[in-house]
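K.L.:
The following block contains the structure, expressed as structure tokens.
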Amino acid sequence: MLVSILNGFAIGFLLFILAVGLSLVFGMMDVLNLAHGALFLGGAYLGAQFAGDGWGGFLGALGIAAVAGLAAGGVLSLMTEPLRRRSHLDQALLTLGVALVVAELLIIVFGDDPLAVPAPPGLDGSVAVFGATYPAYRLVLIGFGAVLALVVHLVVDRTRVGALVRATVADREMVAALGVDNRLVKAGVFAVGSLLATTAGVLGGPVYGARPGLDSTILILALVVVVIGGLGSVRGALVGALIIGQVDTLGRVLLPDLASFILFAALAVVLVVRPQGLFGTAVAR
Amino acid sequence: MTAVASPAVPGGTAARPPRLTCGRGALISVVVLVVLAAAPLFLAPFATTTLTRVLVFALFAVSLDLLVGVTGLPSLGHAGYLGAGAYAAGWVSINVTAEAPVPLLVGAAVGALAAALTGWVTVRSAGVFFLMLTLAIGETLQQVADSWESVTGGANGLTGVPLVRLAGTPLANVGYTYWYVLAVGALGFALVAVLVRSPWGAALRGIRDNEPRMRALGYPTSLYKYVVFVVAGGVAGIAGSLLVAQQRLVTPADLGFLTSSFALLAVVIGGAGSLWGACLGAALVIVIRDALGPSLDGHGTLVLGVVFVLVVYLLPRGAAGLRPRRRRENA
Amino acid sequence: MSVLRCRALSRSFGALKAVSEVDLVVEPGARHALIGPNGAGKSTLFKLVTGTMRPDTGHVELAGQDVTTLSEVKRCRLGMSQTLQHSSLFASMTALETVELAVQRHEKGRIAFLPRKQPVVGERAGKLLADVGLIRRREVPVPSLSHGERKQLEVALALACRPSLLLLDEPAAGLSPAERARLVELLGGLPSEITVLFVEHDLDLVFALADAVTVLHLGRVLLSGPPAQVRASDAVREAYLGSSRREELWA
């Protein structure tokens with residue numbers, strides 16, 4: 001039971017890192033980035049590639065993933081730019097096409113077989129937590145996720161850049177009217193969001209491994225988190241991610257056959273009770 | 001399935017079609033149907049099988065177009081209902097009877113039921129939210145197929161589905177299976193085409209164009225959206241029963257994200273709202289995935305992903321947008 | 001019995017009381033205008049009446065029936081019909097198809113799942129288009145209609161719902177003088193079974209049409225009465241113009 005709750009936290013924080021980028025891009029730019037899961041998978045494969053090289057490999061993978069994520073975000077931002085005047089659906093469809101291409105390229109490069117990703121040395125063992133043994137890496141992941149959540153929260157809540165982000169979520173036209181270059185804001189948010197996705201991929205590698213199809217599984221989890229938490233809300237993404245982390249892992253332990261139903265049920269309940277999400281303001285929908 | 005397509009009537013312009021269906025449109029429909037019916041006589045078995053798959057996927061794409069193009073509900077989880085119908089038809093064929101039309105009706109009923117159980121949540125949302133929810137539901141259904149081993153066969157899928165039997169005789173020939181699929185597919189297409197041209201279909205287009213105004217006119221739009229969601233699920237279930245009749249197995253991949261994406265691609269290629277366009281789009285998708293796929297080292301998906309990106313940029317109205325336009329339309 | 005009665009309707013947005021304790025009675029056959037300076041709460045009140053927005057407190061009664069908790073769909077079925085101020089209507093349809101869409105909902109019988117000839121629907125839609133002066137434009141796609149023509153089409157749509165109470169939200173906004181004259185003629189010619197409540201900025205139009213006027217100011221009812229009384233009111237003049245001379249306002 002305790003192990004399951006800890007797992008829930010580990011997955012919850014991982015999902016938060018993933019979902020916060022998705023949420024901000026959608027909340028600020030109205031672009032639903034369906035390539036987000038493919039970016040995660042790219043990070044996971046990077047982690048798998050360098051996993052044999054100890055800490056250097058792990059940190060190297062993180063670094064490469066971060067740079068690749070930034071670049072990918074910039075490219076996605078550029079690609080959606082010509083569709084600015086078109087419907088949100090067209091932009092989502094574009095990212096869907098990109099997701100298919102990226103996932104297929106990953107299969108070509110890394111093959112069809114699921115890859116296991118060992119945790120970095122020193123963290124690959126287990127430690128005793130209140131009498132239960134628990135993988136050390138996941139504990140570190142929880143800690144790291146908590147720190148990252150705090151950092152993102154502080155940046156969005158306390159800094160000038162964060163104020164710009166929040167203002168854009170609230171009223172895009174107003175921010176544009178103030179003379180801020182909308183495209184730059186968009187590219188920035190896209191890049192950071194994608195960076196978080198690829199980084200989450202590397203971090204999540206030792207938990208999920210790397211395999212074809214993981215991209216859509218992860219994308220769905222992130223979407224559910226975003227919908228439950230409310231669009232464009234950092235706090236919502238955090239709470240949503242922690243809820244889904246718990247619901248998903250507990251569901252798998254207690255009712256393994258119904259786990260996927262439980263996830264959907266959680267989503268349905270939130271949508272019926274609070275259609276705008278737990279922390280969302282009534283965004284145009 | 002292009003068979004019954006009334007050619008002069010792309011999507012939104014289909015509001016006053018009765019004139020057309022009894023003229024040139026009907027003639028072309030008949031010609032296409034005859035050509036399709038004669039095709040297996042001239043084609044190699046492999047080509048016939050590919051064409052069968054095209055027909056199955058075309059009916060599936062048409063059912064999706066009813067949501068996406070006609071009503072303006074972009075679903076990314078529609079394969080879930082295709083799969084529900086396919087599993088149900090397969091299970092009945094194995095455990096009860098493979099006698100047509102039993103698997104067909106069971107597939108339709110289960111597809112509609114799955115849509116009815118999940119639709120009440122989805123139709124409360126619109127636009128990209130609808131996309132997200134249907135995506136989540138589709139994935140949920142796939143995981144059910146993956147984990148409910150006693151019924152679905154788990155990750156290996158439901159195998160050993162017997163041939164469909166017609167009046168006690170198994171359809172033991174790719175040509176017979178093709179004609180079965182063509183007949184059912186044409187009926188399914190006709191069903192959707194008729195619905196789209198009815199007053200009810202006009203109301204669906206009204207919801208696509210301007211839902212708040214429809215509510216102000218006294219239309220309970222959520223109910224309409226719910227009903228069309230269930231109908232689309234039922235037609236997808238029919239397509240599922242055809243899928244299992246052709247493949248004789250169903251795997252969780254048949255109801256996954258990729259299948260839904262490809263169906264959406266088919267609809268978008270064809271021009272949302274155009275039923276014949278969806279059929280052409282489906283043909284392109286299947287030809288790339290199944291016929292060219294092997295020669296592309298199994299990476300048809302890569303090509304389709306590129307096609308997806310190109311279509312979004314270059315053909316905002318799909319193939320139907322390439323035709324000379326009879327009337328301005330907001331796609 | 002009054003056609004529409006609002007009792008103590010209130011609706012706030014955060015700290016702003018957009019509509020506060022508003023009582024409004026619209027008598028059968030009335031041409032009732034709702035006026036007030038910008039920010040008076042006209043649009044909010046209108047939405048509370050149509051049902052697109054729910055009041056925080058208070059009640060809306062339609063012909064004696066409490067409809068406060070009913071959606072705009074149900075209110076429409078009970079005989080309340082509206083035109084929308086900023087309506088893009090249905091971009092894929094012609095004028096005739098648009099009106100047919102409204103007519104088929106309010107004729108007897110269910111909405112058919114099969115294509116069928118509906119002579120009754122077509123006939124009535126044609127007559128409505130003729131009534132609003134759009135019969136020659138019936139085959140024109142809605143996006144190609146002028147702004148004024150779309151307003152006329154809005155009226156045809158609202159009438160297609162066979163309303164007992166017709167709600168018009170700034171029917172003359174953005175119209176040319178010629179189009180305005182046409183609108184006045186159209187509304188003036190409506191049968192007296194149809195009660196009209198309309199929000200309007202153009203006071204000329206208000207006094208040309210209305211036989212009852214309610215003035216809103218800062219979310220409250222300032223005055224409700226016949227047009228002459230409203231014209232003569234110092235309070236109304238001050239609400240609109242501060243302290244300017246009355247003759248200038250009504251000129």
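In the structure tokens, chains take the letters A, B, ... in the order shown, each chain's residues start at 1, and ligands count up from 1 in the order shown.
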Output as a ChimeraX atom specification the set of chain B residues within 9 Å of chain A, with distances taken over only C-alpha atoms.
P.N.:
/B:74,121-122,124-129,131-133,135-137,139-141,143-144,147-148,257-258,261,264-265,299,301-313,316
K.L.:
Suppose we keep C-alpha atoms; can you now write the selection as a compact mmCIF listing (two decimals), in the first residue's frame?
P.N.:
```txt
# COMPACT_ATOMS: atom_id res chain seq x y z
CA PRO B 74 -13.59 16.20 -34.04
CA VAL B 121 -19.53 12.93 -21.22
CA THR B 122 -18.06 13.88 -24.58
CA ARG B 124 -20.86 18.21 -23.09
CA SER B 125 -17.68 19.57 -24.61
CA ALA B 126 -16.74 21.08 -27.95
CA GLY B 127 -13.76 21.66 -30.18
CA VAL B 128 -10.35 20.72 -28.85
CA PHE B 129 -11.90 19.55 -25.58
CA LEU B 131 -10.75 15.94 -29.17
CA MET B 132 -9.04 15.36 -25.82
CA LEU B 133 -11.96 13.50 -24.28
CA LEU B 135 -8.78 10.52 -27.29
CA ALA B 136 -8.89 9.51 -23.63
CA ILE B 137 -11.94 7.32 -24.19
CA GLU B 139 -7.31 4.84 -25.26
CA THR B 140 -9.40 3.53 -22.38
CA LEU B 141 -11.26 1.17 -24.70
CA GLN B 143 -6.68 -0.80 -22.66
CA VAL B 144 -9.87 -2.69 -21.90
CA SER B 147 -6.52 -6.40 -20.34
CA TRP B 148 -9.87 -8.23 -20.54
CA PHE B 257 -4.74 5.92 -31.39
CA LEU B 258 -3.17 5.23 -34.79
CA SER B 261 -5.67 9.20 -36.36
CA LEU B 264 -9.29 11.46 -39.08
CA LEU B 265 -6.63 11.84 -41.74
CA HIS B 299 7.05 2.52 -42.40
CA THR B 301 2.98 5.38 -40.90
CA LEU B 302 5.89 7.71 -41.55
CA VAL B 303 4.54 8.55 -44.99
CA LEU B 304 1.06 9.04 -43.58
CA GLY B 305 2.41 11.36 -40.92
CA VAL B 306 4.07 13.45 -43.62
CA VAL B 307 0.86 13.38 -45.66
CA PHE B 308 -1.01 14.57 -42.59
CA VAL B 309 1.29 17.55 -42.18
CA LEU B 310 1.13 18.40 -45.87
CA VAL B 311 -2.65 18.14 -46.02
CA VAL B 312 -3.06 20.51 -43.10
CA TYR B 313 -0.88 23.09 -44.83
CA PRO B 316 -7.33 23.31 -45.73
```
K.L.:
Quick one: residues within 6 Å of segment 200-216 of chain C, only C-alpha atoms counted, chain neighbours fewer than 4 positions away excluded, as a PyMOL selection string?
P.N.:
chain C and resi 31-36+40+170+220-227
K.L.:
Excluding Pro163 of chain C and any residue of its chain fewer than 6 positions from it, enumerate the residues within 10 Å of it, using only C-alpha atoms, and give them as a ChimeraX atom specification.
P.N.:
/C:76-82,106,193-196
K.L.:
Store the residues picked out above in a file with N, CA and C atoms, as an mmCIF file, in the first residue's frame.
P.N.:
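So part-v5.cif came out as:
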```
data_model
loop_
_atom_site.group_PDB
_atom_site.id
_atom_site.type_symbol
_atom_site.label_atom_id
_atom_site.label_comp_id
_atom_site.auth_asym_id
_atom_site.auth_seq_id
_atom_site.Cartn_x
_atom_site.Cartn_y
_atom_site.Cartn_z
ATOM 1 N N CYS C 76 -37.622 28.714 -25.434
ATOM 2 C CA CYS C 76 -38.011 28.920 -26.823
ATOM 3 C C CYS C 76 -39.239 28.092 -27.152
ATOM 4 N N ARG C 77 -39.266 26.846 -26.635
ATOM 5 C CA ARG C 77 -40.402 25.980 -26.911
ATOM 6 C C ARG C 77 -41.671 26.499 -26.242
ATOM 7 N N LEU C 78 -41.505 27.343 -25.209
ATOM 8 C CA LEU C 78 -42.677 27.890 -24.519
ATOM 9 C C LEU C 78 -43.124 29.204 -25.143
ATOM 10 N N GLY C 79 -42.488 29.603 -26.239
ATOM 11 C CA GLY C 79 -42.992 30.782 -26.944
ATOM 12 C C GLY C 79 -42.143 32.021 -26.798
ATOM 13 N N MET C 80 -40.921 31.856 -26.277
ATOM 14 C CA MET C 80 -40.042 33.011 -26.169
ATOM 15 C C MET C 80 -38.994 32.876 -27.267
ATOM 16 N N SER C 81 -38.851 33.903 -28.069
ATOM 17 C CA SER C 81 -37.898 33.772 -29.150
ATOM 18 C C SER C 81 -37.090 35.057 -29.262
ATOM 19 N N GLN C 82 -35.856 34.937 -29.738
ATOM 20 C CA GLN C 82 -34.946 36.075 -29.662
ATOM 21 C C GLN C 82 -34.157 36.278 -30.952
ATOM 22 N N HIS C 106 -40.421 24.129 -35.325
ATOM 23 C CA HIS C 106 -41.617 24.626 -34.657
ATOM 24 C C HIS C 106 -42.903 24.270 -35.390
ATOM 25 N N GLU C 193 -50.711 39.727 -31.473
ATOM 26 C CA GLU C 193 -50.556 38.537 -30.600
ATOM 27 C C GLU C 193 -49.105 38.407 -30.156
ATOM 28 N N ILE C 194 -48.206 39.015 -30.948
ATOM 29 C CA ILE C 194 -46.801 38.910 -30.589
ATOM 30 C C ILE C 194 -46.396 40.112 -29.746
ATOM 31 N N THR C 195 -45.993 39.816 -28.528
ATOM 32 C CA THR C 195 -45.495 40.865 -27.650
ATOM 33 C C THR C 195 -44.009 41.056 -27.932
ATOM 34 N N VAL C 196 -43.556 42.303 -27.916
ATOM 35 C CA VAL C 196 -42.157 42.559 -28.249
ATOM 36 C C VAL C 196 -41.459 43.266 -27.088
#
```
K.L.:
When you look at segment 37-43 of chain B with a cut-off of 10 Å (counting only C-alpha atoms), what residues show up, excluding the ones that are within fewer than 3 positions of it in the same chain? I need them as an NGL selection string.
P.N.:
:B and (3 or 31-34 or 46-49 or 51-52 or 174-176 or 178-179 or 182-183)
K.L.:
Could you list the residues in chain C lying within 9 Å of chain B, using only C-alpha atoms, and format the result as a short mmCIF file (atom, residue, chain, number, x, y, z; two decimals) with all heavy atoms, in the first residue's frame?
P.N.:
```
data_model
loop_
_atom_site.label_atom_id
_atom_site.label_comp_id
_atom_site.auth_asym_id
_atom_site.auth_seq_id
_atom_site.Cartn_x
_atom_site.Cartn_y
_atom_site.Cartn_z
N THR C 50 -33.66 35.63 -21.58
CA THR C 50 -33.64 34.59 -22.61
C THR C 50 -33.20 33.25 -22.05
O THR C 50 -33.52 32.21 -22.61
CB THR C 50 -32.69 34.94 -23.77
OG1 THR C 50 -31.38 35.12 -23.24
CG2 THR C 50 -33.13 36.18 -24.49
N THR C 52 -29.89 32.45 -21.46
CA THR C 52 -28.50 32.12 -21.73
C THR C 52 -27.64 32.36 -20.50
O THR C 52 -26.50 31.92 -20.43
CB THR C 52 -27.94 32.93 -22.91
OG1 THR C 52 -28.37 34.27 -22.79
CG2 THR C 52 -28.40 32.38 -24.23
N SER C 71 -33.73 26.10 -19.50
CA SER C 71 -32.73 26.53 -20.47
C SER C 71 -33.38 27.38 -21.55
O SER C 71 -34.61 27.43 -21.66
CB SER C 71 -32.07 25.32 -21.11
OG SER C 71 -33.03 24.64 -21.90
N GLU C 72 -32.53 28.03 -22.37
CA GLU C 72 -33.09 28.83 -23.45
C GLU C 72 -33.82 27.95 -24.47
O GLU C 72 -34.76 28.41 -25.12
CB GLU C 72 -32.00 29.66 -24.15
CG GLU C 72 -31.02 28.88 -25.01
CD GLU C 72 -29.76 28.52 -24.26
OE1 GLU C 72 -29.86 28.14 -23.08
OE2 GLU C 72 -28.66 28.61 -24.85
N VAL C 73 -33.42 26.68 -24.54
CA VAL C 73 -34.10 25.76 -25.46
C VAL C 73 -35.55 25.60 -25.03
O VAL C 73 -36.48 25.73 -25.82
CB VAL C 73 -33.39 24.39 -25.47
CG1 VAL C 73 -34.13 23.42 -26.34
CG2 VAL C 73 -31.95 24.54 -25.95
N LYS C 74 -35.77 25.31 -23.74
CA LYS C 74 -37.13 25.08 -23.24
C LYS C 74 -37.94 26.38 -23.31
O LYS C 74 -39.12 26.37 -23.62
CB LYS C 74 -37.08 24.57 -21.81
CG LYS C 74 -36.42 23.20 -21.70
CD LYS C 74 -37.16 22.32 -20.69
CE LYS C 74 -36.60 20.90 -20.68
NZ LYS C 74 -35.40 20.81 -19.85
N ARG C 75 -37.27 27.51 -23.00
CA ARG C 75 -38.00 28.79 -23.05
C ARG C 75 -38.47 29.06 -24.47
O ARG C 75 -39.57 29.58 -24.68
CB ARG C 75 -37.10 29.92 -22.56
CG ARG C 75 -36.79 29.79 -21.08
CD ARG C 75 -36.03 30.99 -20.55
NE ARG C 75 -35.39 30.62 -19.28
CZ ARG C 75 -34.85 31.49 -18.46
NH1 ARG C 75 -34.84 32.78 -18.76
NH2 ARG C 75 -34.29 31.08 -17.34
N CYS C 76 -37.62 28.71 -25.43
CA CYS C 76 -38.01 28.92 -26.82
C CYS C 76 -39.24 28.09 -27.15
O CYS C 76 -40.16 28.55 -27.82
CB CYS C 76 -36.85 28.55 -27.74
SG CYS C 76 -37.23 28.72 -29.49
N ARG C 77 -39.27 26.85 -26.63
CA ARG C 77 -40.40 25.98 -26.91
C ARG C 77 -41.67 26.50 -26.24
O ARG C 77 -42.78 26.13 -26.62
CB ARG C 77 -40.11 24.56 -26.41
CG ARG C 77 -38.89 23.93 -27.02
CD ARG C 77 -39.06 23.67 -28.49
NE ARG C 77 -39.87 22.50 -28.75
CZ ARG C 77 -40.41 22.21 -29.93
NH1 ARG C 77 -40.25 23.04 -30.94
NH2 ARG C 77 -41.11 21.12 -30.10
N SER C 81 -38.85 33.90 -28.07
CA SER C 81 -37.90 33.77 -29.15
C SER C 81 -37.09 35.06 -29.26
O SER C 81 -37.55 36.12 -28.89
CB SER C 81 -38.66 33.41 -30.41
OG SER C 81 -38.18 34.07 -31.51
N GLN C 82 -35.86 34.94 -29.74
CA GLN C 82 -34.95 36.07 -29.66
C GLN C 82 -34.16 36.28 -30.95
O GLN C 82 -33.94 35.35 -31.71
CB GLN C 82 -33.95 35.85 -28.51
CG GLN C 82 -33.23 34.53 -28.62
CD GLN C 82 -32.18 34.33 -27.54
OE1 GLN C 82 -31.46 35.25 -27.21
NE2 GLN C 82 -32.10 33.14 -27.00
N THR C 83 -33.73 37.50 -31.15
CA THR C 83 -32.70 37.75 -32.15
C THR C 83 -31.42 38.04 -31.39
O THR C 83 -31.46 38.56 -30.29
CB THR C 83 -33.02 38.95 -33.04
OG1 THR C 83 -32.97 40.13 -32.24
CG2 THR C 83 -34.36 38.81 -33.69
N LEU C 84 -30.30 37.66 -32.00
CA LEU C 84 -29.03 37.89 -31.33
C LEU C 84 -28.34 39.10 -31.93
O LEU C 84 -28.45 39.36 -33.12
CB LEU C 84 -28.13 36.65 -31.44
CG LEU C 84 -28.35 35.61 -30.35
CD1 LEU C 84 -29.72 34.97 -30.46
CD2 LEU C 84 -27.29 34.54 -30.40
N SER C 87 -24.70 37.97 -34.40
CA SER C 87 -24.90 36.60 -34.81
C SER C 87 -24.28 36.35 -36.17
O SER C 87 -24.47 37.10 -37.10
CB SER C 87 -26.39 36.27 -34.88
OG SER C 87 -26.54 34.95 -35.30
N SER C 88 -23.50 35.27 -36.24
CA SER C 88 -22.94 34.91 -37.54
C SER C 88 -23.86 33.94 -38.26
O SER C 88 -23.58 33.55 -39.37
CB SER C 88 -21.55 34.29 -37.34
OG SER C 88 -21.63 33.29 -36.36
N LEU C 89 -24.97 33.58 -37.61
CA LEU C 89 -25.92 32.64 -38.21
C LEU C 89 -25.24 31.36 -38.69
O LEU C 89 -24.33 30.89 -38.04
CB LEU C 89 -26.68 33.34 -39.35
CG LEU C 89 -27.67 34.38 -38.82
CD1 LEU C 89 -28.14 35.29 -39.92
CD2 LEU C 89 -28.84 33.70 -38.16
N PHE C 90 -25.65 30.83 -39.83
CA PHE C 90 -25.13 29.53 -40.27
C PHE C 90 -24.39 29.69 -41.58
O PHE C 90 -25.00 29.89 -42.63
CB PHE C 90 -26.27 28.53 -40.39
CG PHE C 90 -27.08 28.44 -39.13
CD1 PHE C 90 -28.31 29.05 -39.03
CD2 PHE C 90 -26.58 27.77 -38.03
CE1 PHE C 90 -29.04 28.99 -37.86
CE2 PHE C 90 -27.30 27.70 -36.86
CZ PHE C 90 -28.53 28.31 -36.77
N ALA C 91 -23.08 29.60 -41.49
CA ALA C 91 -22.25 30.01 -42.62
C ALA C 91 -22.39 29.10 -43.84
O ALA C 91 -22.07 29.52 -44.94
CB ALA C 91 -20.78 30.04 -42.18
N SER C 92 -22.88 27.88 -43.66
CA SER C 92 -22.93 26.98 -44.81
C SER C 92 -24.31 26.97 -45.47
O SER C 92 -24.55 26.18 -46.37
CB SER C 92 -22.54 25.56 -44.40
OG SER C 92 -23.56 24.99 -43.62
N MET C 93 -25.21 27.83 -44.99
CA MET C 93 -26.59 27.73 -45.50
C MET C 93 -27.02 28.99 -46.23
O MET C 93 -26.47 30.07 -46.04
CB MET C 93 -27.55 27.48 -44.33
CG MET C 93 -27.20 26.23 -43.58
SD MET C 93 -28.40 25.85 -42.32
CE MET C 93 -27.53 24.53 -41.49
N GLU C 97 -32.62 28.14 -46.40
CA GLU C 97 -32.28 26.98 -45.56
C GLU C 97 -32.26 27.36 -44.09
O GLU C 97 -32.69 26.59 -43.23
CB GLU C 97 -30.92 26.42 -45.97
CG GLU C 97 -30.95 25.62 -47.26
CD GLU C 97 -29.57 25.42 -47.87
OE1 GLU C 97 -28.56 25.88 -47.29
OE2 GLU C 97 -29.50 24.82 -48.94
N THR C 98 -31.74 28.55 -43.82
CA THR C 98 -31.67 29.01 -42.44
C THR C 98 -33.06 29.10 -41.83
O THR C 98 -33.30 28.60 -40.73
CB THR C 98 -30.99 30.39 -42.39
OG1 THR C 98 -29.73 30.30 -43.02
CG2 THR C 98 -30.82 30.86 -40.96
N LEU C 101 -34.70 25.76 -41.27
CA LEU C 101 -34.16 25.11 -40.09
C LEU C 101 -34.97 25.50 -38.85
O LEU C 101 -35.27 24.66 -37.99
CB LEU C 101 -32.70 25.52 -39.92
CG LEU C 101 -31.81 24.72 -38.97
CD1 LEU C 101 -31.74 23.28 -39.41
CD2 LEU C 101 -30.42 25.33 -38.94
N ALA C 102 -35.29 26.78 -38.77
CA ALA C 102 -36.08 27.25 -37.63
C ALA C 102 -37.52 26.78 -37.74
O ALA C 102 -38.13 26.36 -36.76
CB ALA C 102 -36.02 28.77 -37.53
N GLN C 104 -38.81 24.14 -39.29
CA GLN C 104 -39.06 22.70 -39.11
C GLN C 104 -39.10 22.32 -37.64
O GLN C 104 -39.77 21.38 -37.24
CB GLN C 104 -38.01 21.88 -39.85
CG GLN C 104 -36.64 21.87 -39.21
CD GLN C 104 -35.64 21.02 -40.01
OE1 GLN C 104 -35.84 20.73 -41.18
NE2 GLN C 104 -34.56 20.63 -39.37
N ARG C 105 -38.40 23.11 -36.81
CA ARG C 105 -38.41 22.81 -35.38
C ARG C 105 -39.75 23.15 -34.76
O ARG C 105 -40.16 22.56 -33.77
CB ARG C 105 -37.29 23.61 -34.70
CG ARG C 105 -37.22 23.47 -33.21
CD ARG C 105 -36.72 22.11 -32.79
NE ARG C 105 -36.76 21.96 -31.35
CZ ARG C 105 -37.16 20.85 -30.74
NH1 ARG C 105 -37.55 19.82 -31.45
NH2 ARG C 105 -37.17 20.77 -29.45
N HIS C 106 -40.42 24.13 -35.32
CA HIS C 106 -41.62 24.63 -34.66
C HIS C 106 -42.90 24.27 -35.39
O HIS C 106 -43.97 24.72 -35.03
CB HIS C 106 -41.50 26.14 -34.44
CG HIS C 106 -40.37 26.48 -33.52
ND1 HIS C 106 -40.51 26.50 -32.16
CD2 HIS C 106 -39.07 26.73 -33.76
CE1 HIS C 106 -39.35 26.77 -31.60
NE2 HIS C 106 -38.46 26.92 -32.55
N ILE C 111 -38.61 15.97 -35.96
CA ILE C 111 -37.59 16.22 -36.96
C ILE C 111 -37.26 14.87 -37.61
O ILE C 111 -36.84 13.94 -36.95
CB ILE C 111 -36.31 16.79 -36.31
CG1 ILE C 111 -36.63 18.05 -35.54
CG2 ILE C 111 -35.22 17.02 -37.34
CD1 ILE C 111 -36.92 19.24 -36.38
N ALA C 112 -37.47 14.79 -38.92
CA ALA C 112 -37.36 13.49 -39.58
C ALA C 112 -35.91 13.08 -39.78
O ALA C 112 -35.04 13.92 -40.02
CB ALA C 112 -38.07 13.55 -40.92
N PHE C 113 -35.68 11.77 -39.68
CA PHE C 113 -34.36 11.23 -39.97
C PHE C 113 -34.21 10.89 -41.46
O PHE C 113 -33.15 10.51 -41.90
CB PHE C 113 -34.11 9.96 -39.15
CG PHE C 113 -33.83 10.23 -37.70
CD1 PHE C 113 -34.85 10.31 -36.78
CD2 PHE C 113 -32.53 10.42 -37.26
CE1 PHE C 113 -34.60 10.57 -35.45
CE2 PHE C 113 -32.27 10.69 -35.93
CZ PHE C 113 -33.30 10.77 -35.03
N LEU C 114 -35.30 10.97 -42.19
CA LEU C 114 -35.25 10.65 -43.61
C LEU C 114 -35.46 11.92 -44.41
O LEU C 114 -36.22 12.79 -44.00
CB LEU C 114 -36.35 9.64 -43.96
CG LEU C 114 -36.20 8.28 -43.29
CD1 LEU C 114 -37.40 7.40 -43.60
CD2 LEU C 114 -34.92 7.61 -43.75
N PRO C 115 -34.80 12.00 -45.56
CA PRO C 115 -35.06 13.15 -46.40
C PRO C 115 -36.51 13.08 -46.88
O PRO C 115 -36.98 12.02 -47.23
CB PRO C 115 -34.11 12.95 -47.59
CG PRO C 115 -33.18 11.87 -47.20
CD PRO C 115 -33.87 11.05 -46.16
N ARG C 116 -37.18 14.18 -46.84
CA ARG C 116 -38.55 14.17 -47.36
C ARG C 116 -38.89 15.58 -47.80
O ARG C 116 -38.34 16.54 -47.29
CB ARG C 116 -39.51 13.68 -46.31
CG ARG C 116 -39.52 14.48 -45.04
CD ARG C 116 -40.77 14.24 -44.25
NE ARG C 116 -40.75 12.92 -43.64
CZ ARG C 116 -41.31 12.67 -42.45
NH1 ARG C 116 -41.90 13.62 -41.79
NH2 ARG C 116 -41.27 11.46 -41.96
N LYS C 117 -39.79 15.64 -48.71
CA LYS C 117 -40.27 16.96 -49.13
C LYS C 117 -41.13 17.52 -48.01
O LYS C 117 -41.99 16.84 -47.47
CB LYS C 117 -41.09 16.81 -50.41
CG LYS C 117 -40.25 16.46 -51.61
CD LYS C 117 -40.74 17.25 -52.83
CE LYS C 117 -39.75 17.17 -53.96
NZ LYS C 117 -39.68 15.81 -54.54
N PRO C 141 -26.22 32.59 -50.04
CA PRO C 141 -25.59 32.08 -48.82
C PRO C 141 -25.49 33.18 -47.76
O PRO C 141 -25.26 34.35 -48.10
CB PRO C 141 -24.19 31.68 -49.27
CG PRO C 141 -24.24 31.63 -50.75
CD PRO C 141 -25.32 32.53 -51.19
N PRO C 143 -23.26 34.10 -45.61
CA PRO C 143 -22.08 34.98 -45.53
C PRO C 143 -22.08 36.08 -46.59
O PRO C 143 -21.39 37.08 -46.45
CB PRO C 143 -20.90 34.03 -45.76
CG PRO C 143 -21.41 32.70 -45.37
CD PRO C 143 -22.85 32.70 -45.76
N SER C 144 -22.87 35.90 -47.66
CA SER C 144 -22.90 36.92 -48.71
C SER C 144 -23.96 37.98 -48.46
O SER C 144 -24.09 38.93 -49.25
CB SER C 144 -23.16 36.28 -50.07
OG SER C 144 -22.25 35.23 -50.29
N LEU C 157 -36.02 34.47 -38.52
CA LEU C 157 -35.73 33.28 -37.70
C LEU C 157 -36.51 33.31 -36.40
O LEU C 157 -37.10 32.31 -35.99
CB LEU C 157 -34.24 33.24 -37.35
CG LEU C 157 -33.27 32.58 -38.29
CD1 LEU C 157 -31.91 32.48 -37.62
CD2 LEU C 157 -33.77 31.21 -38.66
N ALA C 158 -36.50 34.48 -35.76
CA ALA C 158 -37.19 34.59 -34.47
C ALA C 158 -38.69 34.37 -34.66
O ALA C 158 -39.34 33.70 -33.86
CB ALA C 158 -36.93 35.95 -33.85
N ALA C 160 -40.06 32.61 -36.95
CA ALA C 160 -40.30 31.22 -37.33
C ALA C 160 -40.58 30.35 -36.11
O ALA C 160 -41.19 29.29 -36.23
CB ALA C 160 -39.10 30.67 -38.09
N CYS C 161 -40.12 30.78 -34.95
CA CYS C 161 -40.34 30.01 -33.73
C CYS C 161 -41.75 30.21 -33.18
O CYS C 161 -42.04 29.77 -32.07
CB CYS C 161 -39.30 30.38 -32.67
SG CYS C 161 -37.61 30.10 -33.20
#
```
K.L.:
One number please: atom CA of Trp91 of chain B to atom CA of Val161 of chain B, in Å, one decimal.
P.N.:
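Computed distance, atom CA of Trp91 of chain B to atom CA of Val161 of chain B, equals 7.7 Å.
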K.L.:
What parts of segment 92-247 of chain A does DSSP call alpha helix (DSSP H)? I'd like the answer as a VMD selection string.
P.N.:
chain A and resid 92 to 110 136 to 158 160 to 170 172 to 177 182 to 208 214 to 229 234 to 247
